[in-house]
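Text of my_file-v2.cif, listed as mmCIF, C-alpha atoms:
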data_entry
#
loop_
_atom_site.group_PDB
_atom_site.id
_atom_site.type_symbol
_atom_site.label_atom_id
_atom_site.label_comp_id
_atom_site.auth_asym_id
_atom_site.auth_seq_id
_atom_site.Cartn_x
_atom_site.Cartn_y
_atom_site.Cartn_z
ATOM 1 C CA MET A 444 28.795 21.551 3.585
ATOM 2 C CA THR A 445 26.237 24.230 2.763
ATOM 3 C CA ARG A 446 24.109 25.192 5.731
ATOM 4 C CA LYS A 447 20.475 24.293 5.199
ATOM 5 C CA SER A 448 17.683 26.819 5.658
ATOM 6 C CA ASN A 449 15.594 26.480 8.810
ATOM 7 C CA ALA A 450 12.499 26.854 6.620
ATOM 8 C CA GLU A 451 13.446 24.054 4.251
ATOM 9 C CA PHE A 452 10.547 21.964 5.588
ATOM 10 C CA VAL A 453 7.958 24.117 3.783
ATOM 11 C CA LYS A 454 8.584 22.075 0.631
ATOM 12 C CA TRP A 455 6.798 19.142 2.280
ATOM 13 C CA PHE A 456 3.481 20.987 2.823
ATOM 14 C CA GLY A 457 1.921 19.892 -0.467
ATOM 15 C CA PRO A 458 3.387 16.366 -0.531
ATOM 16 C CA LEU A 459 2.171 15.811 3.043
ATOM 17 C CA LEU A 460 -1.415 16.630 2.065
ATOM 18 C CA ASP A 461 -1.128 14.370 -0.989
ATOM 19 C CA ALA A 462 0.215 11.513 1.135
ATOM 20 C CA LEU A 463 -2.663 11.766 3.603
ATOM 21 C CA ARG A 464 -5.185 11.715 0.770
ATOM 22 C CA ASP A 465 -3.495 8.566 -0.542
ATOM 23 C CA LEU A 466 -3.820 6.986 2.907
ATOM 24 C CA GLY A 467 -7.540 7.702 3.186
ATOM 25 C CA ASP A 468 -7.286 11.133 4.875
ATOM 26 C CA SER A 469 -5.290 9.996 7.910
ATOM 27 C CA GLY A 470 -2.190 8.084 8.920
ATOM 28 C CA ARG A 471 0.495 7.552 11.528
ATOM 29 C CA PRO A 472 3.546 9.853 11.240
ATOM 30 C CA ARG A 473 5.883 7.183 9.877
ATOM 31 C CA GLU A 474 3.258 6.034 7.366
ATOM 32 C CA VAL A 475 2.896 9.575 6.068
ATOM 33 C CA SER A 476 6.644 10.134 5.752
ATOM 34 C CA ASP A 477 7.089 6.810 3.990
ATOM 35 C CA ARG A 478 4.287 7.638 1.549
ATOM 36 C CA ILE A 479 5.880 11.011 0.745
ATOM 37 C CA ALA A 480 9.194 9.273 0.108
ATOM 38 C CA LYS A 481 7.484 6.751 -2.163
ATOM 39 C CA ASN A 482 5.452 9.345 -4.070
ATOM 40 C CA LEU A 483 8.488 11.538 -4.728
ATOM 41 C CA ASN A 484 11.008 8.708 -5.202
ATOM 42 C CA LEU A 485 13.299 10.301 -2.636
ATOM 43 C CA THR A 486 16.897 9.141 -2.690
ATOM 44 C CA ASP A 487 18.673 7.317 0.117
ATOM 45 C CA GLU A 488 20.843 10.406 0.504
ATOM 46 C CA VAL A 489 17.783 12.433 1.529
ATOM 47 C CA LEU A 490 16.268 9.712 3.706
ATOM 48 C CA ASP A 491 19.505 8.813 5.497
ATOM 49 C CA GLU A 492 20.539 12.354 6.429
ATOM 50 C CA THR A 493 20.420 12.945 10.178
ATOM 51 C CA LEU A 494 20.370 15.839 12.610
ATOM 52 C CA LYS A 495 22.990 16.329 15.331
ATOM 53 C CA SER A 496 20.666 14.391 17.643
ATOM 54 C CA GLY A 497 20.828 11.393 15.318
ATOM 55 C CA ASP A 498 17.176 11.707 14.300
ATOM 56 C CA SER A 499 16.160 11.653 10.649
ATOM 57 C CA ARG A 500 16.236 15.133 9.124
ATOM 58 C CA PHE A 501 13.531 14.167 6.634
ATOM 59 C CA HIS A 502 11.077 12.865 9.236
ATOM 60 C CA ASN A 503 11.806 15.886 11.434
ATOM 61 C CA GLN A 504 11.038 18.264 8.575
ATOM 62 C CA VAL A 505 7.801 16.450 7.746
ATOM 63 C CA ALA A 506 6.766 16.769 11.405
ATOM 64 C CA TRP A 507 7.391 20.531 11.266
ATOM 65 C CA ALA A 508 5.394 20.761 8.041
ATOM 66 C CA ARG A 509 2.530 18.975 9.771
ATOM 67 C CA GLN A 510 2.582 21.487 12.651
ATOM 68 C CA TYR A 511 2.228 24.468 10.318
ATOM 69 C CA LEU A 512 -0.634 22.760 8.487
ATOM 70 C CA VAL A 513 -2.357 22.199 11.844
ATOM 71 C CA TRP A 514 -2.069 25.922 12.573
ATOM 72 C CA GLU A 515 -3.418 26.649 9.097
ATOM 73 C CA GLY A 516 -6.466 24.466 9.795
ATOM 74 C CA MET A 517 -5.665 21.823 7.187
ATOM 75 C CA LEU A 518 -4.861 19.048 9.667
ATOM 76 C CA LYS A 519 -6.542 18.151 12.928
ATOM 77 C CA SER A 520 -4.602 18.611 16.146
ATOM 78 C CA SER A 521 -4.531 15.043 17.443
ATOM 79 C CA LYS A 522 -2.853 14.118 20.721
ATOM 80 C CA HIS A 523 -2.739 10.416 19.893
ATOM 81 C CA GLY A 524 -0.179 10.352 17.096
ATOM 82 C CA THR A 525 -2.517 10.170 14.110
ATOM 83 C CA TRP A 526 -2.396 12.870 11.441
ATOM 84 C CA THR A 527 -5.814 13.590 9.942
ATOM 85 C CA LEU A 528 -6.958 15.957 7.209
ATOM 86 C CA THR A 529 -9.672 18.501 7.909
ATOM 87 C CA GLU A 530 -12.287 19.384 5.306
ATOM 88 C CA LYS A 531 -10.084 22.309 4.293
ATOM 89 C CA GLY A 532 -7.067 20.044 3.959
ATOM 90 C CA ARG A 533 -8.880 17.473 1.825
ATOM 91 C CA THR A 534 -9.351 19.966 -0.992
ATOM 92 C CA ALA A 535 -6.151 21.987 -0.575
ATOM 93 C CA HIS A 536 -3.347 21.813 -3.124
ATOM 94 C CA ILE A 537 -0.413 23.964 -2.049
ATOM 95 C CA SER A 538 2.198 25.401 -4.393
ATOM 96 C CA ASP A 539 5.716 26.264 -3.229
ATOM 97 C CA ALA A 540 4.791 29.960 -3.204
ATOM 98 C CA GLN A 541 1.686 29.312 -1.091
ATOM 99 C CA ALA A 542 3.708 27.172 1.311
ATOM 100 C CA ALA A 543 6.174 30.030 1.780
ATOM 101 C CA GLU A 544 3.312 32.447 2.506
ATOM 102 C CA ILE A 545 1.833 30.089 5.110
ATOM 103 C CA PHE A 546 5.229 29.865 6.794
ATOM 104 C CA LYS A 547 5.711 33.655 6.862
ATOM 105 C CA LYS A 548 2.174 34.171 8.145
ATOM 106 C CA TRP A 549 2.610 31.922 11.171
ATOM 107 C CA VAL A 550 6.106 33.157 11.961
ATOM 108 C CA ALA A 551 4.631 36.674 12.185
ATOM 109 C CA ILE A 552 1.665 35.509 14.274
ATOM 110 C CA HIS A 553 3.861 33.728 16.816
ATOM 111 C CA ALA A 554 6.268 36.663 16.979
ATOM 112 C CA GLU A 555 3.346 38.956 17.832
ATOM 113 C CA ASN A 556 2.062 36.474 20.413
ATOM 114 C CA ARG A 557 5.469 36.418 22.103
ATOM 115 C CA LYS A 558 5.470 40.215 22.295
ATOM 116 C CA GLN A 559 2.030 40.263 23.885
ATOM 117 C CA LYS A 560 2.972 37.546 26.352
ATOM 118 C CA ALA A 561 6.092 39.442 27.392
ATOM 119 C CA ALA A 562 4.049 42.624 27.909
ATOM 120 C CA GLU A 563 1.513 40.805 30.056
ATOM 121 C CA GLN A 564 4.033 39.130 32.368
ATOM 122 C CA GLY A 565 3.361 39.961 35.979
ATOM 123 C CA GLU A 566 -0.171 41.114 35.220
ATOM 124 C CA ALA A 567 -1.818 37.758 34.848
ATOM 125 C CA THR A 568 -4.169 36.717 37.619
ATOM 126 C CA GLU A 569 -4.630 33.174 38.738
ATOM 127 C CA GLU A 570 -7.763 31.673 37.299
ATOM 128 C CA GLU A 571 -9.622 28.638 38.453
ATOM 129 C CA ALA A 572 -9.038 25.700 36.168
ATOM 130 C CA PRO A 573 -12.188 24.649 34.330
ATOM 131 C CA THR A 574 -13.771 21.410 35.389
ATOM 132 C CA PRO A 575 -13.765 18.858 32.580
ATOM 133 C CA ASP A 576 -17.210 18.124 31.273
ATOM 134 C CA THR A 577 -18.549 14.705 32.096
ATOM 135 C CA PRO A 578 -20.246 12.979 29.159
ATOM 136 C CA GLN A 579 -23.956 12.759 29.781
ATOM 137 C CA ALA A 580 -26.107 9.745 29.017
ATOM 138 C CA ASP A 581 -27.880 11.533 26.167
ATOM 139 C CA GLN A 582 -24.532 12.346 24.542
ATOM 140 C CA LYS A 583 -23.531 8.694 24.671
ATOM 141 C CA MET A 584 -26.830 7.634 23.163
ATOM 142 C CA SER A 585 -26.429 10.254 20.437
ATOM 143 C CA LEU A 586 -22.996 8.853 19.552
ATOM 144 C CA ILE A 587 -24.398 5.319 19.402
ATOM 145 C CA ALA A 588 -27.191 6.522 17.127
ATOM 146 C CA ILE A 589 -24.672 8.182 14.803
ATOM 147 C CA LEU A 590 -22.550 5.033 14.612
ATOM 148 C CA ARG A 591 -25.603 2.920 13.819
ATOM 149 C CA SER A 592 -26.689 5.340 11.105
ATOM 150 C CA LEU A 593 -23.403 5.075 9.194
ATOM 151 C CA SER A 594 -23.127 3.022 6.036
ATOM 152 C CA PRO A 595 -21.093 -0.206 6.339
ATOM 153 C CA LEU A 596 -18.139 1.497 4.636
ATOM 154 C CA GLY A 597 -18.516 4.552 6.860
ATOM 155 C CA PHE A 598 -18.435 2.399 9.983
ATOM 156 C CA GLU A 599 -15.347 0.583 8.704
ATOM 157 C CA LYS A 600 -13.617 3.942 8.176
ATOM 158 C CA VAL A 601 -14.443 4.979 11.744
ATOM 159 C CA SER A 602 -12.996 1.669 12.948
ATOM 160 C CA ARG A 603 -9.857 2.315 10.912
ATOM 161 C CA GLU A 604 -9.378 5.717 12.547
ATOM 162 C CA LEU A 605 -9.915 4.217 16.006
ATOM 163 C CA LEU A 606 -7.201 1.635 15.362
ATOM 164 C CA ARG A 607 -4.803 4.300 14.087
ATOM 165 C CA GLU A 608 -5.435 6.434 17.160
ATOM 166 C CA SER A 609 -4.704 3.336 19.269
ATOM 167 C CA GLY A 610 -1.249 2.862 17.759
ATOM 168 C CA PHE A 611 -1.823 0.621 14.737
ATOM 169 C CA GLU A 612 0.046 1.422 11.525
ATOM 170 C CA ASN A 613 -0.555 0.646 7.848
ATOM 171 C CA VAL A 614 -4.260 0.195 8.571
ATOM 172 C CA GLU A 615 -6.338 -0.538 5.480
ATOM 173 C CA ILE A 616 -9.919 -1.613 4.931
ATOM 174 C CA THR A 617 -10.543 -4.267 2.308
ATOM 175 C CA GLY A 618 -14.134 -3.394 1.390
ATOM 176 C CA GLY A 619 -16.409 -5.466 -0.791
ATOM 177 C CA SER A 620 -18.541 -8.505 -0.102
ATOM 178 C CA ALA A 621 -15.907 -11.065 -1.103
ATOM 179 C CA ASP A 622 -13.491 -10.230 1.689
ATOM 180 C CA GLY A 623 -13.890 -13.547 3.503
ATOM 181 C CA GLY A 624 -15.230 -11.824 6.597
ATOM 182 C CA ILE A 625 -12.103 -9.703 6.984
ATOM 183 C CA ASP A 626 -12.856 -5.984 6.892
ATOM 184 C CA GLY A 627 -9.290 -4.790 7.153
ATOM 185 C CA PHE A 628 -5.795 -5.270 8.461
ATOM 186 C CA GLY A 629 -3.010 -3.341 10.118
ATOM 187 C CA THR A 630 0.279 -3.667 11.953
ATOM 188 C CA LEU A 631 0.715 -3.357 15.713
ATOM 189 C CA GLU A 632 4.270 -2.751 16.867
ATOM 190 C CA ILE A 633 4.910 -4.173 20.338
ATOM 191 C CA ASN A 634 8.503 -2.943 20.443
ATOM 192 C CA PRO A 635 11.202 -2.074 17.874
ATOM 193 C CA PHE A 636 11.836 -5.795 17.331
ATOM 194 C CA VAL A 637 8.359 -7.333 17.437
ATOM 195 C CA SER A 638 5.241 -6.429 15.452
ATOM 196 C CA PHE A 639 2.090 -8.286 14.471
ATOM 197 C CA LYS A 640 -0.108 -8.110 11.418
ATOM 198 C CA VAL A 641 -3.668 -7.926 12.714
ATOM 199 C CA LEU A 642 -6.836 -8.730 10.774
ATOM 200 C CA PHE A 643 -10.043 -7.114 11.978
ATOM 201 C CA GLN A 644 -13.766 -7.445 11.444
ATOM 202 C CA CYS A 645 -16.205 -4.594 12.087
ATOM 203 C CA LYS A 646 -19.491 -5.437 13.805
ATOM 204 C CA ARG A 647 -22.212 -3.197 15.193
ATOM 205 C CA TYR A 648 -24.358 -4.366 18.061
ATOM 206 C CA ALA A 649 -28.099 -4.121 17.524
ATOM 207 C CA ASP A 650 -31.179 -5.837 18.873
ATOM 208 C CA GLY A 651 -31.138 -9.435 17.694
ATOM 209 C CA ASN A 652 -27.625 -9.169 16.233
ATOM 210 C CA LEU A 653 -25.644 -12.204 17.449
ATOM 211 C CA VAL A 654 -22.240 -10.619 17.041
ATOM 212 C CA GLY A 655 -20.479 -12.854 19.536
ATOM 213 C CA ARG A 656 -21.369 -16.095 17.753
ATOM 214 C CA SER A 657 -20.322 -14.699 14.367
ATOM 215 C CA LEU A 658 -16.973 -13.489 15.640
ATOM 216 C CA HIS A 659 -16.271 -16.765 17.414
ATOM 217 C CA LYS A 660 -16.868 -18.718 14.206
ATOM 218 C CA TRP A 661 -14.618 -16.360 12.225
ATOM 219 C CA ALA A 662 -11.872 -16.393 14.862
ATOM 220 C CA THR A 663 -11.620 -20.188 14.795
ATOM 221 C CA LEU A 664 -10.945 -20.384 11.056
ATOM 222 C CA GLU A 665 -7.466 -21.563 10.201
ATOM 223 C CA MET A 666 -5.581 -19.166 7.983
ATOM 224 C CA PRO A 667 -3.597 -20.798 5.142
#
Encoding of this model in structure tokens:
Amino acid sequence: MTRKSNAEFVKWFGPLLDALRDLGDSGRPREVSDRIAKNLNLTDEVLDETLKSGDSRFHNQVAWARQYLVWEGMLKSSKHGTWTLTEKGRTAHISDAQAAEIFKKWVAIHAENRKQKAAEQGEATEEEAPTPDTPQADQKMSLIAILRSLSPLGFEKVSRELLRESGFENVEITGGSADGGIDGFGTLEINPFVSFKVLFQCKRYADGNLVGRSLHKWATLEMP
């Protein structure tokens, strides 16, 4: 068997950006990989290939592609398992040649960083860890004001991102006025054997807005 190049993952840079745009600018890792596979009609041979660890080679390569795009400023660096495009990433369309240049650029940067770190060993002084900032009341009120100022669709998109960051997959918003009160749906995996399809409704609290009564009425409807 021919040995594969360690930089083979660069071919997924462009398809990864395309997949995220298809998903509404963000998605869970497995969603993104599955969308790439669908967009490119990848064969079972590619999807079933594994590493020595038993993990999927394809999904591993897509994860490496994502990391380089984070360094390049095209994806946000999320700690909650959701991959999200930045403004730069939304408009970027990467050719194979550009992907190779991005790879070479960051290999060189990290090589230089390792040299500097090695030279500074033993010279570093202990620094006091910074104290995390505590959100102030005015910051909280500012966030509430921003959420209330969003359009209905904008608020639904924020809700979608919150659900994705919380572990939901395949989250979509339905949109439109004829959605039967359902603003979107997604899948919550409890364990590898059990998952639930969840329907959600987005509501914003405001003075005189009886959200609780509306949700209770909607929640008691029997689904066909």
At what distance in Å, to one decimal, does CA of Glu599 in chain A lie from CA of Arg471 in chain A?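 A separation of 17.5 Å between them.
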Of the candidates A:Lys495, A:Arg557, A:Arg647, A:Lys640, which shows the shortest atom-to-atom distance to Phe611 in chain A, using all atoms listed in the file? A:Lys640
Nearby residues, (8.2, 0.3, 16.2) file frame, 12 Å, all atoms listed in the file, as a ChimeraX atom specification: /A:471-474,610-612,630-639
Resolved residues for the PyMOL selection byres ((chain A and resi 628) around 6) as a list in words: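 Going through the file, the PyMOL selection byres ((chain A and resi 628) around 6) ends up selecting Val614, Glu615, Gly627, Gly629, Val641, Leu642 and Phe643 of chain A.
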Nearest residue to Leu605 in chain A from the set A:Val489, A:Cys645, A:Leu512, A:Leu463 (distances using only C-alpha atoms):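 Closest residue, counting only C-alpha atoms: A:Cys645.
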Spell out the residues picked by the PyMOL selection byres ((chain A and resi 596) around 10) here, as a list of chain:residue names.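 Selected by the PyMOL selection byres ((chain A and resi 596) around 10) here: A:Leu593, A:Ser594, A:Pro595, A:Gly597, A:Phe598, A:Glu599, A:Lys600, A:Val601, A:Ser602, A:Ile616, A:Thr617, A:Gly618, A:Gly619, A:Asp626, A:Cys645.
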Which is closest to Trp526 in chain A among A:Ile625, A:Leu485, A:Val550, A:Ala506, if we use all atoms listed in the file?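 Of A:Ile625, A:Leu485, A:Val550, A:Ala506, the one nearest Trp526 in chain A, counting all atoms listed in the file, is A:Ala506.
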I'd like the residues picked by the PyMOL selection byres ((chain A and resi 461) around 10) written out as a ChimeraX atom specification, using the chain letters and numbers from the file. /A:455-460,462-466,468,475,478-479,482,532-537
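The residue that comes closest to Trp507 in chain A, out of A:His553, A:Lys454, A:Lys560, A:Lys519 and on the basis of all atoms listed in the file, is A:Lys454.
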Nearest residue to Val513 in chain A from the set A:Lys481, A:Lys531, A:Arg591, A:Lys646 (distances using all atoms listed in the file):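 Under the stated criterion, the closest residue is A:Lys531.
When CA of Ser469 in chain A is paired with CA of Thr527 in chain A, their separation reads 4.2 Å.
We find CA of Asn613 in chain A and CA of Gly470 in chain A to be spaced 7.7 Å apart.
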Taking (13.3, 25.3, 9.3) in the coordinates of the supplied file, I want to know which residues reach to within 12 Å of it, counting only C-alpha atoms; could you give the answer as a CSV table (one decimal) with C-alpha atoms, keeping the file's coordinate frame?
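Result went into part.csv, see below:
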chain,number,residue,atom,x,y,z
A,446,ARG,CA,24.1,25.2,5.7
A,447,LYS,CA,20.5,24.3,5.2
A,448,SER,CA,17.7,26.8,5.7
A,449,ASN,CA,15.6,26.5,8.8
A,450,ALA,CA,12.5,26.9,6.6
A,451,GLU,CA,13.4,24.1,4.3
A,452,PHE,CA,10.5,22.0,5.6
A,453,VAL,CA,8.0,24.1,3.8
A,454,LYS,CA,8.6,22.1,0.6
A,455,TRP,CA,6.8,19.1,2.3
A,500,ARG,CA,16.2,15.1,9.1
A,501,PHE,CA,13.5,14.2,6.6
A,503,ASN,CA,11.8,15.9,11.4
A,504,GLN,CA,11.0,18.3,8.6
A,505,VAL,CA,7.8,16.4,7.7
A,506,ALA,CA,6.8,16.8,11.4
A,507,TRP,CA,7.4,20.5,11.3
A,508,ALA,CA,5.4,20.8,8.0
A,510,GLN,CA,2.6,21.5,12.7
A,511,TYR,CA,2.2,24.5,10.3
A,543,ALA,CA,6.2,30.0,1.8
A,546,PHE,CA,5.2,29.9,6.8
A,547,LYS,CA,5.7,33.7,6.9
A,550,VAL,CA,6.1,33.2,12.0
Could you check the closest approach to His502 in chain A for each of A:Ser592, A:Ser585, A:Ser538, A:Ser476 and tell me which residue wins, using only C-alpha atoms?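 For His502 in chain A, the nearest of the given residues is A:Ser476.
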I need range 473-490 of chain A from the structure I supplied, saved as a PDB file, in the first residue's frame with N, CA and C atoms retained.
ATOM      1  N   ARG A 473     -19.254  16.161  13.199  1.00  0.00           N
ATOM      2  CA  ARG A 473     -19.769  15.061  12.384  1.00  0.00           C
ATOM      3  C   ARG A 473     -20.694  15.574  11.284  1.00  0.00           C
ATOM      4  N   GLU A 474     -21.476  16.611  11.595  1.00  0.00           N
ATOM      5  CA  GLU A 474     -22.342  17.212  10.576  1.00  0.00           C
ATOM      6  C   GLU A 474     -21.520  17.733   9.405  1.00  0.00           C
ATOM      7  N   VAL A 475     -20.418  18.404   9.739  1.00  0.00           N
ATOM      8  CA  VAL A 475     -19.580  19.006   8.703  1.00  0.00           C
ATOM      9  C   VAL A 475     -18.951  17.926   7.831  1.00  0.00           C
ATOM     10  N   SER A 476     -18.406  16.892   8.471  1.00  0.00           N
ATOM     11  CA  SER A 476     -17.796  15.799   7.708  1.00  0.00           C
ATOM     12  C   SER A 476     -18.820  15.119   6.808  1.00  0.00           C
ATOM     13  N   ASP A 477     -20.004  14.888   7.353  1.00  0.00           N
ATOM     14  CA  ASP A 477     -21.049  14.232   6.560  1.00  0.00           C
ATOM     15  C   ASP A 477     -21.466  15.097   5.373  1.00  0.00           C
ATOM     16  N   ARG A 478     -21.503  16.422   5.576  1.00  0.00           N
ATOM     17  CA  ARG A 478     -21.884  17.305   4.472  1.00  0.00           C
ATOM     18  C   ARG A 478     -20.803  17.312   3.385  1.00  0.00           C
ATOM     19  N   ILE A 479     -19.536  17.285   3.790  1.00  0.00           N
ATOM     20  CA  ILE A 479     -18.453  17.201   2.807  1.00  0.00           C
ATOM     21  C   ILE A 479     -18.590  15.922   1.985  1.00  0.00           C
ATOM     22  N   ALA A 480     -18.831  14.814   2.685  1.00  0.00           N
ATOM     23  CA  ALA A 480     -18.974  13.529   2.002  1.00  0.00           C
ATOM     24  C   ALA A 480     -20.139  13.558   1.019  1.00  0.00           C
ATOM     25  N   LYS A 481     -21.226  14.196   1.415  1.00  0.00           N
ATOM     26  CA  LYS A 481     -22.400  14.290   0.544  1.00  0.00           C
ATOM     27  C   LYS A 481     -22.121  15.191  -0.653  1.00  0.00           C
ATOM     28  N   ASN A 482     -21.504  16.350  -0.395  1.00  0.00           N
ATOM     29  CA  ASN A 482     -21.239  17.299  -1.480  1.00  0.00           C
ATOM     30  C   ASN A 482     -20.302  16.723  -2.534  1.00  0.00           C
ATOM     31  N   LEU A 483     -19.330  15.927  -2.088  1.00  0.00           N
ATOM     32  CA  LEU A 483     -18.317  15.401  -3.005  1.00  0.00           C
ATOM     33  C   LEU A 483     -18.595  13.966  -3.445  1.00  0.00           C
ATOM     34  N   ASN A 484     -19.723  13.411  -2.972  1.00  0.00           N
ATOM     35  CA  ASN A 484     -20.073  12.026  -3.321  1.00  0.00           C
ATOM     36  C   ASN A 484     -18.909  11.074  -3.038  1.00  0.00           C
ATOM     37  N   LEU A 485     -18.356  11.178  -1.846  1.00  0.00           N
ATOM     38  CA  LEU A 485     -17.206  10.349  -1.492  1.00  0.00           C
ATOM     39  C   LEU A 485     -17.602   8.877  -1.429  1.00  0.00           C
ATOM     40  N   THR A 486     -16.695   8.032  -1.834  1.00  0.00           N
ATOM     41  CA  THR A 486     -16.968   6.596  -1.884  1.00  0.00           C
ATOM     42  C   THR A 486     -16.851   5.970  -0.496  1.00  0.00           C
ATOM     43  N   ASP A 487     -17.427   4.792  -0.355  1.00  0.00           N
ATOM     44  CA  ASP A 487     -17.316   4.056   0.906  1.00  0.00           C
ATOM     45  C   ASP A 487     -15.857   3.725   1.207  1.00  0.00           C
ATOM     46  N   GLU A 488     -15.070   3.543   0.161  1.00  0.00           N
ATOM     47  CA  GLU A 488     -13.653   3.227   0.359  1.00  0.00           C
ATOM     48  C   GLU A 488     -12.955   4.353   1.115  1.00  0.00           C
ATOM     49  N   VAL A 489     -13.282   5.594   0.761  1.00  0.00           N
ATOM     50  CA  VAL A 489     -12.689   6.750   1.446  1.00  0.00           C
ATOM     51  C   VAL A 489     -13.237   6.879   2.865  1.00  0.00           C
ATOM     52  N   LEU A 490     -14.537   6.723   3.012  1.00  0.00           N
ATOM     53  CA  LEU A 490     -15.181   6.935   4.307  1.00  0.00           C
ATOM     54  C   LEU A 490     -14.883   5.822   5.305  1.00  0.00           C
TER      55      LEU A 490
END
